[in-house]
Structures are given as C-alpha cells and as structure tokens.
Amino acid sequence: MNPVRKALWFIESHFATNITLEDIARAAGVSRFHMTRSFGAATNRSIMRYVRARRLSEAAKTLLNGAPDILSVSLDASYNSHEAFTRAFRSEFGLTPETVRAQGRGAKLELVEPIKLDDTTAIQLHSPRFEKGERLLIAGLGERYTCETSAAVPSQWQQFLPHLGHIPGQIGGAAYGVRCNDDDAGNFDYICGVAVKDFAGSSATWTCLRIPEQNYVVFRHSDHVSTIRSAWNAIWNSWLPDSDYETVDAPAFERYDEQFNSTTGQGGFELWIAIQAKIRGAKS
C-alpha cells in the first residue's frame, strides 16, 4: 500500500482527534516532507487542509441534521471553544454554524467527502538513472502556490517562455521548473527559470535560487507534459517507497531540454529528485 493510501485510512480513522502531520507521516512510514509531496501529487490537495475540511464537513452534516448543541459539535470536531469552531467553519463554508443549523438541508455547502484514489491514471515509469548534480544557480519567475492553486503553473510558464534565450548569463538552452520551500501546510514556491553563471544580470523582479550539489534520481518522461502530475505521483507513491532511497528536503525540478516543444507539449522532459540511501532499520 502506498503512503497516500495509508494516510487516507489514518485520516478517516482519526480526523475527529487533534492529529498532526507528524502523526500521519508516521502512520504512512515516511517523512513529513515526503508525506506532503506524495499527498499533493496523488490528490492535488494540501494534506492538512484536507484533514481540516473533512473534520468540518462531518461537523456540518451534524448541523444540517439539526444538532441541538453547537458547542458539543465543536468539541466532537476537536475544537476547544465555540468561537474557534465558528471561525474555522465560516472560513471553510462562508456561513456560521448557527446559520447552517437554521437552514438545515436548504443550506448550500460544498462538503469534502473522503478521497477515493483512482488507479486508472497510473503510469509506467522508465528505469531511472542516478546523477551527482552540480551546483545550480536558477533565475526566473517565481510564484507561491498551494496544491489547490497549482493548476496555474502553466500560465506562469506562458509568462516566462518569451524570455527564454534572452536571459543574461544563461547557461545552455534548457529550462527548469523548480519546486522548493515546501512547508507542512502544503504551500510551496515554483520557479520557471534557467541556469545562469551568476545573478548579476537578473531582473530585480525575478526569483533567484541556489541549488547545492546533490545526489539525484532522474526519470526521463516521454509522454505529453499534461501527464506530469501522474509522473510525480508514480515517483512519490510507487518508486520511492519501494526503493532503497529516501527523498531529501531539497528542491526538486523538471528539466526541459531542446527536444521539448513548448507549443505542442511533446518531446519529453526529466524529473530530478534529491535522494539519499535509506538507513537500514530506521523509519523515514
């Protein structure tokens, strides 16, 4: 069973308690960093936002059925006060618990139901190679995303591509899509950029990132770029858990060389993930 399936079982069994990312990662047998990345790759959701949404959705169902005591509902949902529960509930649904209880089944809520993973989208990865990656200086356009907002990444590339080949100090013709600065809430930075010899000629509005030397596993993906999420999902939830390696909390990136056609999305690309050997007998 892959880490996300283990995590989903644990969440559904424990979301009414005050579970943490550490608890979920431990149940899935991976690190917190791996857990946030694998869950986002498989579901396009931030894991702790999902936990919160499931908890509040079940509380909302109780209110829709006319629960007489809102404080009891809040305590059952692991909120210590009526006020804290109301703030979280309004943030999630745009309505107060009192309003939902009063409207009953007439209330229009977007409830979050348990995720059911679909194996039909699974892809077959090519055998990877292993690289000692050199130090990289990446300059380009950066944005902050959540798993839920990351569908906007292609539009970020649309803004960046006209600059490709005209960037001072650019090294080679490859473009890089770098994901970095992940936090436990599932937020991350994504940079569309190129390798440069230094940052002297970089625009003041651009993001500059230093990536140190790392050991990488590299997957060549020859399918259309629209399948990239499925490829990441296969790496995080199939290849890594079954391998002798574990991921390092470091930037991971896509590398688009001259074979890639940005107009058609064809030509293939590479996925680079920083790794280290698993310590035998130790948990991730």
# chains A, B, ... in the order shown; residues from 1 in each chain; ligands from 1
$ residues_around --residues "region 75-79 of chain A" --least-positions-apart "3" --cutoff "10 Å" --atoms "only C-alpha atoms" --output "list in words"
Phe15, Ala16, Thr17, Asn18, Ile19, Arg52, Arg54, Arg55, Leu56, Ser57, Glu58, Ala59, Ala60, Ile70, Leu71, Ser72, His82, Glu83, Ala84, Phe85, Thr86 and Ala88 of chain A
$ select_by_dssp --residues "region 124-175 of chain A" --states "helix (DSSP H, G or I)" --output "VMD selection string"
chain A and resid 147 to 163
$ residues_around --residues "region 95-98 of chain A" --least-positions-apart "3" --cutoff "9 Å" --atoms "only C-alpha atoms" --output "list in words"
Ala60, Leu63, Ile70, Phe85, Thr86, Arg87, Phe89, Arg90, Ser91, Glu92, Arg101, Ala102, Gln103 and Leu109 of chain A
$ write_last_selection --atoms "C-alpha atoms" --output "CSV table (one decimal), in the first residue's frame"
chain,number,residue,atom,x,y,z
A,60,ALA,CA,-21.6,20.3,9.0
A,63,LEU,CA,-25.6,20.6,12.0
A,70,ILE,CA,-23.3,23.6,18.7
A,85,PHE,CA,-15.1,26.4,15.7
A,86,THR,CA,-17.2,29.2,14.3
A,87,ARG,CA,-14.1,30.9,12.8
A,89,PHE,CA,-16.4,26.8,10.0
A,90,ARG,CA,-17.0,30.3,8.5
A,91,SER,CA,-13.6,30.2,6.8
A,92,GLU,CA,-14.4,26.8,5.2
A,101,ARG,CA,-28.3,24.6,11.6
A,102,ALA,CA,-31.2,27.0,11.0
A,103,GLN,CA,-31.3,26.5,7.2
A,109,LEU,CA,-22.4,23.8,1.3
$ residues_around --residues "Pro168 (chain A)" --least-positions-apart "2" --cutoff "7 Å" --atoms "only C-alpha atoms" --output "MDAnalysis selection string"
chainID A and resid 166 170 201:202
$ residues_around --residues "region 37-48 of chain A" --least-positions-apart "4" --cutoff "6 Å" --atoms "only C-alpha atoms" --output "mmCIF file with N, CA and C atoms, in the first residue's frame"
data_model
loop_
_atom_site.group_PDB
_atom_site.id
_atom_site.type_symbol
_atom_site.label_atom_id
_atom_site.label_comp_id
_atom_site.auth_asym_id
_atom_site.auth_seq_id
_atom_site.Cartn_x
_atom_site.Cartn_y
_atom_site.Cartn_z
ATOM 1 N N VAL A 4 0.061 7.394 0.447
ATOM 2 C CA VAL A 4 -1.181 8.161 0.461
ATOM 3 C C VAL A 4 -2.357 7.285 0.862
ATOM 4 N N CYS A 147 -1.363 23.241 -3.097
ATOM 5 C CA CYS A 147 -1.725 22.161 -4.019
ATOM 6 C C CYS A 147 -2.985 22.507 -4.790
ATOM 7 N N GLU A 148 -3.917 23.206 -4.102
ATOM 8 C CA GLU A 148 -5.199 23.533 -4.714
ATOM 9 C C GLU A 148 -5.096 24.614 -5.786
ATOM 10 N N ALA A 185 2.079 22.880 5.625
ATOM 11 C CA ALA A 185 0.701 23.146 5.216
ATOM 12 C C ALA A 185 0.461 22.838 3.745
ATOM 13 N N GLY A 186 1.531 22.484 3.010
ATOM 14 C CA GLY A 186 1.373 22.175 1.599
ATOM 15 C C GLY A 186 1.616 23.347 0.668
ATOM 16 N N ASN A 233 3.352 11.621 -9.199
ATOM 17 C CA ASN A 233 2.605 10.728 -8.309
ATOM 18 C C ASN A 233 3.232 9.338 -8.296
ATOM 19 N N TRP A 236 6.577 9.504 -6.235
ATOM 20 C CA TRP A 236 6.427 9.683 -4.791
ATOM 21 C C TRP A 236 5.699 8.523 -4.127
ATOM 22 N N ASN A 237 4.739 7.922 -4.815
ATOM 23 C CA ASN A 237 3.885 6.920 -4.170
ATOM 24 C C ASN A 237 4.149 5.478 -4.584
#
$ residues_around --residues "Leu125 (chain A)" --least-positions-apart "4" --cutoff "12 Å" --atoms "only C-alpha atoms" --output "ChimeraX atom specification"
/A:129,218-223,227-228,230-240,270-271
$ write_last_selection --atoms "N, CA, C and O atoms" --output "JSON list (two decimals), in the first residue's frame"
[["chain", "number", "residue", "atom", "x", "y", "z"],
["A", 129, "ARG", "N", 18.02, 6.96, -13.91],
["A", 129, "ARG", "CA", 19.47, 6.97, -13.76],
["A", 129, "ARG", "C", 19.79, 7.78, -12.50],
["A", 129, "ARG", "O", 18.93, 8.49, -11.96],
["A", 218, "VAL", "N", 16.96, 10.45, -11.48],
["A", 218, "VAL", "CA", 16.44, 11.21, -12.63],
["A", 218, "VAL", "C", 15.57, 10.30, -13.49],
["A", 218, "VAL", "O", 16.02, 9.22, -13.92],
["A", 219, "PHE", "N", 14.35, 10.74, -13.74],
["A", 219, "PHE", "CA", 13.42, 9.99, -14.59],
["A", 219, "PHE", "C", 13.19, 10.75, -15.89],
["A", 219, "PHE", "O", 12.82, 11.93, -15.86],
["A", 220, "ARG", "N", 13.39, 10.08, -17.00],
["A", 220, "ARG", "CA", 13.04, 10.64, -18.30],
["A", 220, "ARG", "C", 11.58, 10.28, -18.58],
["A", 220, "ARG", "O", 11.19, 9.11, -18.53],
["A", 221, "HIS", "N", 10.77, 11.29, -18.86],
["A", 221, "HIS", "CA", 9.34, 11.08, -19.11],
["A", 221, "HIS", "C", 9.05, 11.52, -20.54],
["A", 221, "HIS", "O", 9.21, 12.70, -20.88],
["A", 222, "SER", "N", 8.64, 10.57, -21.36],
["A", 222, "SER", "CA", 8.48, 10.87, -22.79],
["A", 222, "SER", "C", 7.05, 11.22, -23.19],
["A", 222, "SER", "O", 6.81, 11.60, -24.33],
["A", 223, "ASP", "N", 6.09, 11.11, -22.26],
["A", 223, "ASP", "CA", 4.70, 11.42, -22.60],
["A", 223, "ASP", "C", 4.46, 12.92, -22.64],
["A", 223, "ASP", "O", 5.33, 13.73, -22.31],
["A", 227, "THR", "N", 0.75, 15.02, -18.54],
["A", 227, "THR", "CA", 0.78, 13.86, -17.64],
["A", 227, "THR", "C", 1.80, 14.03, -16.52],
["A", 227, "THR", "O", 2.08, 13.07, -15.79],
["A", 228, "ILE", "N", 2.32, 15.22, -16.34],
["A", 228, "ILE", "CA", 3.41, 15.41, -15.39],
["A", 228, "ILE", "C", 2.99, 15.10, -13.96],
["A", 228, "ILE", "O", 3.77, 14.54, -13.18],
["A", 230, "SER", "N", 0.83, 12.90, -12.97],
["A", 230, "SER", "CA", 0.80, 11.44, -12.83],
["A", 230, "SER", "C", 2.21, 10.88, -12.68],
["A", 230, "SER", "O", 2.42, 9.91, -11.95],
["A", 231, "ALA", "N", 3.16, 11.49, -13.38],
["A", 231, "ALA", "CA", 4.55, 11.03, -13.27],
["A", 231, "ALA", "C", 5.10, 11.29, -11.87],
["A", 231, "ALA", "O", 5.72, 10.41, -11.25],
["A", 232, "TRP", "N", 4.87, 12.50, -11.35],
["A", 232, "TRP", "CA", 5.31, 12.79, -9.98],
["A", 232, "TRP", "C", 4.63, 11.86, -8.99],
["A", 232, "TRP", "O", 5.26, 11.37, -8.04],
["A", 233, "ASN", "N", 3.35, 11.62, -9.20],
["A", 233, "ASN", "CA", 2.60, 10.73, -8.31],
["A", 233, "ASN", "C", 3.23, 9.34, -8.30],
["A", 233, "ASN", "O", 3.40, 8.72, -7.23],
["A", 234, "ALA", "N", 3.58, 8.81, -9.46],
["A", 234, "ALA", "CA", 4.18, 7.49, -9.54],
["A", 234, "ALA", "C", 5.53, 7.44, -8.82],
["A", 234, "ALA", "O", 5.86, 6.44, -8.17],
["A", 235, "ILE", "N", 6.29, 8.53, -8.91],
["A", 235, "ILE", "CA", 7.59, 8.56, -8.23],
["A", 235, "ILE", "C", 7.41, 8.58, -6.71],
["A", 235, "ILE", "O", 8.00, 7.77, -5.98],
["A", 236, "TRP", "N", 6.58, 9.50, -6.23],
["A", 236, "TRP", "CA", 6.43, 9.68, -4.79],
["A", 236, "TRP", "C", 5.70, 8.52, -4.13],
["A", 236, "TRP", "O", 6.01, 8.17, -2.98],
["A", 237, "ASN", "N", 4.74, 7.92, -4.82],
["A", 237, "ASN", "CA", 3.89, 6.92, -4.17],
["A", 237, "ASN", "C", 4.15, 5.48, -4.58],
["A", 237, "ASN", "O", 3.59, 4.56, -3.99],
["A", 238, "SER", "N", 4.99, 5.28, -5.61],
["A", 238, "SER", "CA", 5.31, 3.91, -6.03],
["A", 238, "SER", "C", 6.82, 3.66, -6.00],
["A", 238, "SER", "O", 7.30, 2.79, -5.27],
["A", 239, "TRP", "N", 7.57, 4.45, -6.77],
["A", 239, "TRP", "CA", 9.00, 4.15, -6.90],
["A", 239, "TRP", "C", 9.76, 4.38, -5.60],
["A", 239, "TRP", "O", 10.48, 3.49, -5.12],
["A", 240, "LEU", "N", 9.63, 5.56, -5.00],
["A", 240, "LEU", "CA", 10.41, 5.87, -3.80],
["A", 240, "LEU", "C", 10.12, 4.92, -2.64],
["A", 240, "LEU", "O", 11.05, 4.40, -2.01],
["A", 270, "GLU", "N", 12.74, 15.72, -18.08],
["A", 270, "GLU", "CA", 13.30, 14.94, -16.98],
["A", 270, "GLU", "C", 12.79, 15.46, -15.64],
["A", 270, "GLU", "O", 12.57, 16.66, -15.47],
["A", 271, "LEU", "N", 12.65, 14.53, -14.69],
["A", 271, "LEU", "CA", 12.26, 14.86, -13.33],
["A", 271, "LEU", "C", 13.41, 14.48, -12.41],
["A", 271, "LEU", "O", 13.84, 13.32, -12.38]]
$ closest_residue --among "A:Leu209, A:Ala200, A:Val153, A:Val178" --to "Trp272 (chain A)" --atoms "only C-alpha atoms"
A:Val178
$ residues_around --residues "Ile211 (chain A)" --least-positions-apart "4" --cutoff "10 Å" --atoms "only C-alpha atoms" --output "CSV table (one decimal) with all heavy atoms, in the first residue's frame"
chain,number,residue,atom,x,y,z
A,133,GLY,N,24.4,15.7,-9.0
A,133,GLY,CA,24.1,17.0,-9.6
A,133,GLY,C,25.0,18.1,-9.2
A,133,GLY,O,25.4,18.2,-8.0
A,134,GLU,N,25.5,18.9,-10.1
A,134,GLU,CA,26.4,20.0,-9.8
A,134,GLU,C,25.6,21.2,-9.2
A,134,GLU,O,24.3,21.3,-9.3
A,134,GLU,CB,27.1,20.5,-11.0
A,134,GLU,CG,28.0,19.5,-11.7
A,134,GLU,CD,28.7,20.0,-12.9
A,134,GLU,OE1,28.4,21.1,-13.4
A,134,GLU,OE2,29.6,19.3,-13.4
A,135,ARG,N,26.2,22.1,-8.6
A,135,ARG,CA,25.6,23.3,-8.0
A,135,ARG,C,25.0,24.1,-9.2
A,135,ARG,O,25.5,24.3,-10.2
A,135,ARG,CB,26.7,24.2,-7.4
A,135,ARG,CG,26.2,25.5,-6.9
A,135,ARG,CD,27.3,26.2,-6.1
A,135,ARG,NE,27.1,27.6,-5.7
A,135,ARG,CZ,27.4,28.6,-6.4
A,135,ARG,NH1,28.1,28.5,-7.6
A,135,ARG,NH2,27.1,29.9,-6.0
A,136,LEU,N,23.7,24.6,-8.9
A,136,LEU,CA,23.0,25.3,-10.0
A,136,LEU,C,22.6,26.7,-9.4
A,136,LEU,O,22.2,26.8,-8.3
A,136,LEU,CB,21.7,24.5,-10.4
A,136,LEU,CG,21.9,23.3,-11.3
A,136,LEU,CD1,20.5,22.6,-11.4
A,136,LEU,CD2,22.4,23.7,-12.7
A,137,LEU,N,22.6,27.7,-10.3
A,137,LEU,CA,22.1,29.0,-10.0
A,137,LEU,C,20.9,29.1,-11.0
A,137,LEU,O,21.1,29.1,-12.2
A,137,LEU,CB,23.1,30.1,-10.2
A,137,LEU,CG,24.4,30.0,-9.4
A,137,LEU,CD1,25.2,31.2,-9.7
A,137,LEU,CD2,24.1,30.0,-7.9
A,138,ILE,N,19.7,29.2,-10.4
A,138,ILE,CA,18.5,29.3,-11.2
A,138,ILE,C,17.9,30.7,-11.1
A,138,ILE,O,17.7,31.2,-10.0
A,138,ILE,CB,17.4,28.3,-10.8
A,138,ILE,CG1,18.0,26.9,-10.9
A,138,ILE,CG2,16.1,28.4,-11.6
A,138,ILE,CD1,18.3,26.4,-12.3
A,178,VAL,N,11.3,24.5,-11.0
A,178,VAL,CA,11.8,24.1,-9.7
A,178,VAL,C,10.8,24.3,-8.6
A,178,VAL,O,10.2,25.4,-8.5
A,178,VAL,CB,13.1,24.9,-9.3
A,178,VAL,CG1,13.7,24.4,-8.0
A,178,VAL,CG2,14.1,24.9,-10.4
A,180,CYS,N,10.3,24.3,-4.5
A,180,CYS,CA,11.1,24.4,-3.4
A,180,CYS,C,10.4,25.1,-2.2
A,180,CYS,O,9.2,25.6,-2.4
A,180,CYS,CB,12.4,25.2,-3.7
A,180,CYS,SG,12.1,26.9,-4.3
A,250,ALA,N,14.8,19.1,-0.1
A,250,ALA,CA,15.6,19.9,-1.0
A,250,ALA,C,14.7,20.2,-2.3
A,250,ALA,O,13.7,19.5,-2.5
A,250,ALA,CB,16.9,19.2,-1.4
A,251,PRO,N,15.1,21.2,-3.1
A,251,PRO,CA,14.4,21.5,-4.3
A,251,PRO,C,14.4,20.3,-5.2
A,251,PRO,O,15.4,19.5,-5.4
A,251,PRO,CB,15.2,22.6,-5.0
A,251,PRO,CG,15.8,23.3,-3.8
A,251,PRO,CD,16.2,22.2,-2.8
A,252,ALA,N,13.2,20.0,-5.9
A,252,ALA,CA,13.1,19.0,-6.9
A,252,ALA,C,12.7,19.8,-8.2
A,252,ALA,O,12.1,20.9,-8.1
A,252,ALA,CB,12.0,18.0,-6.6
$ closest_residue --among "A:Trp157, A:Tyr145, A:Phe33, A:Phe260" --to "Asn187 (chain A)" --atoms "only C-alpha atoms"
A:Tyr145
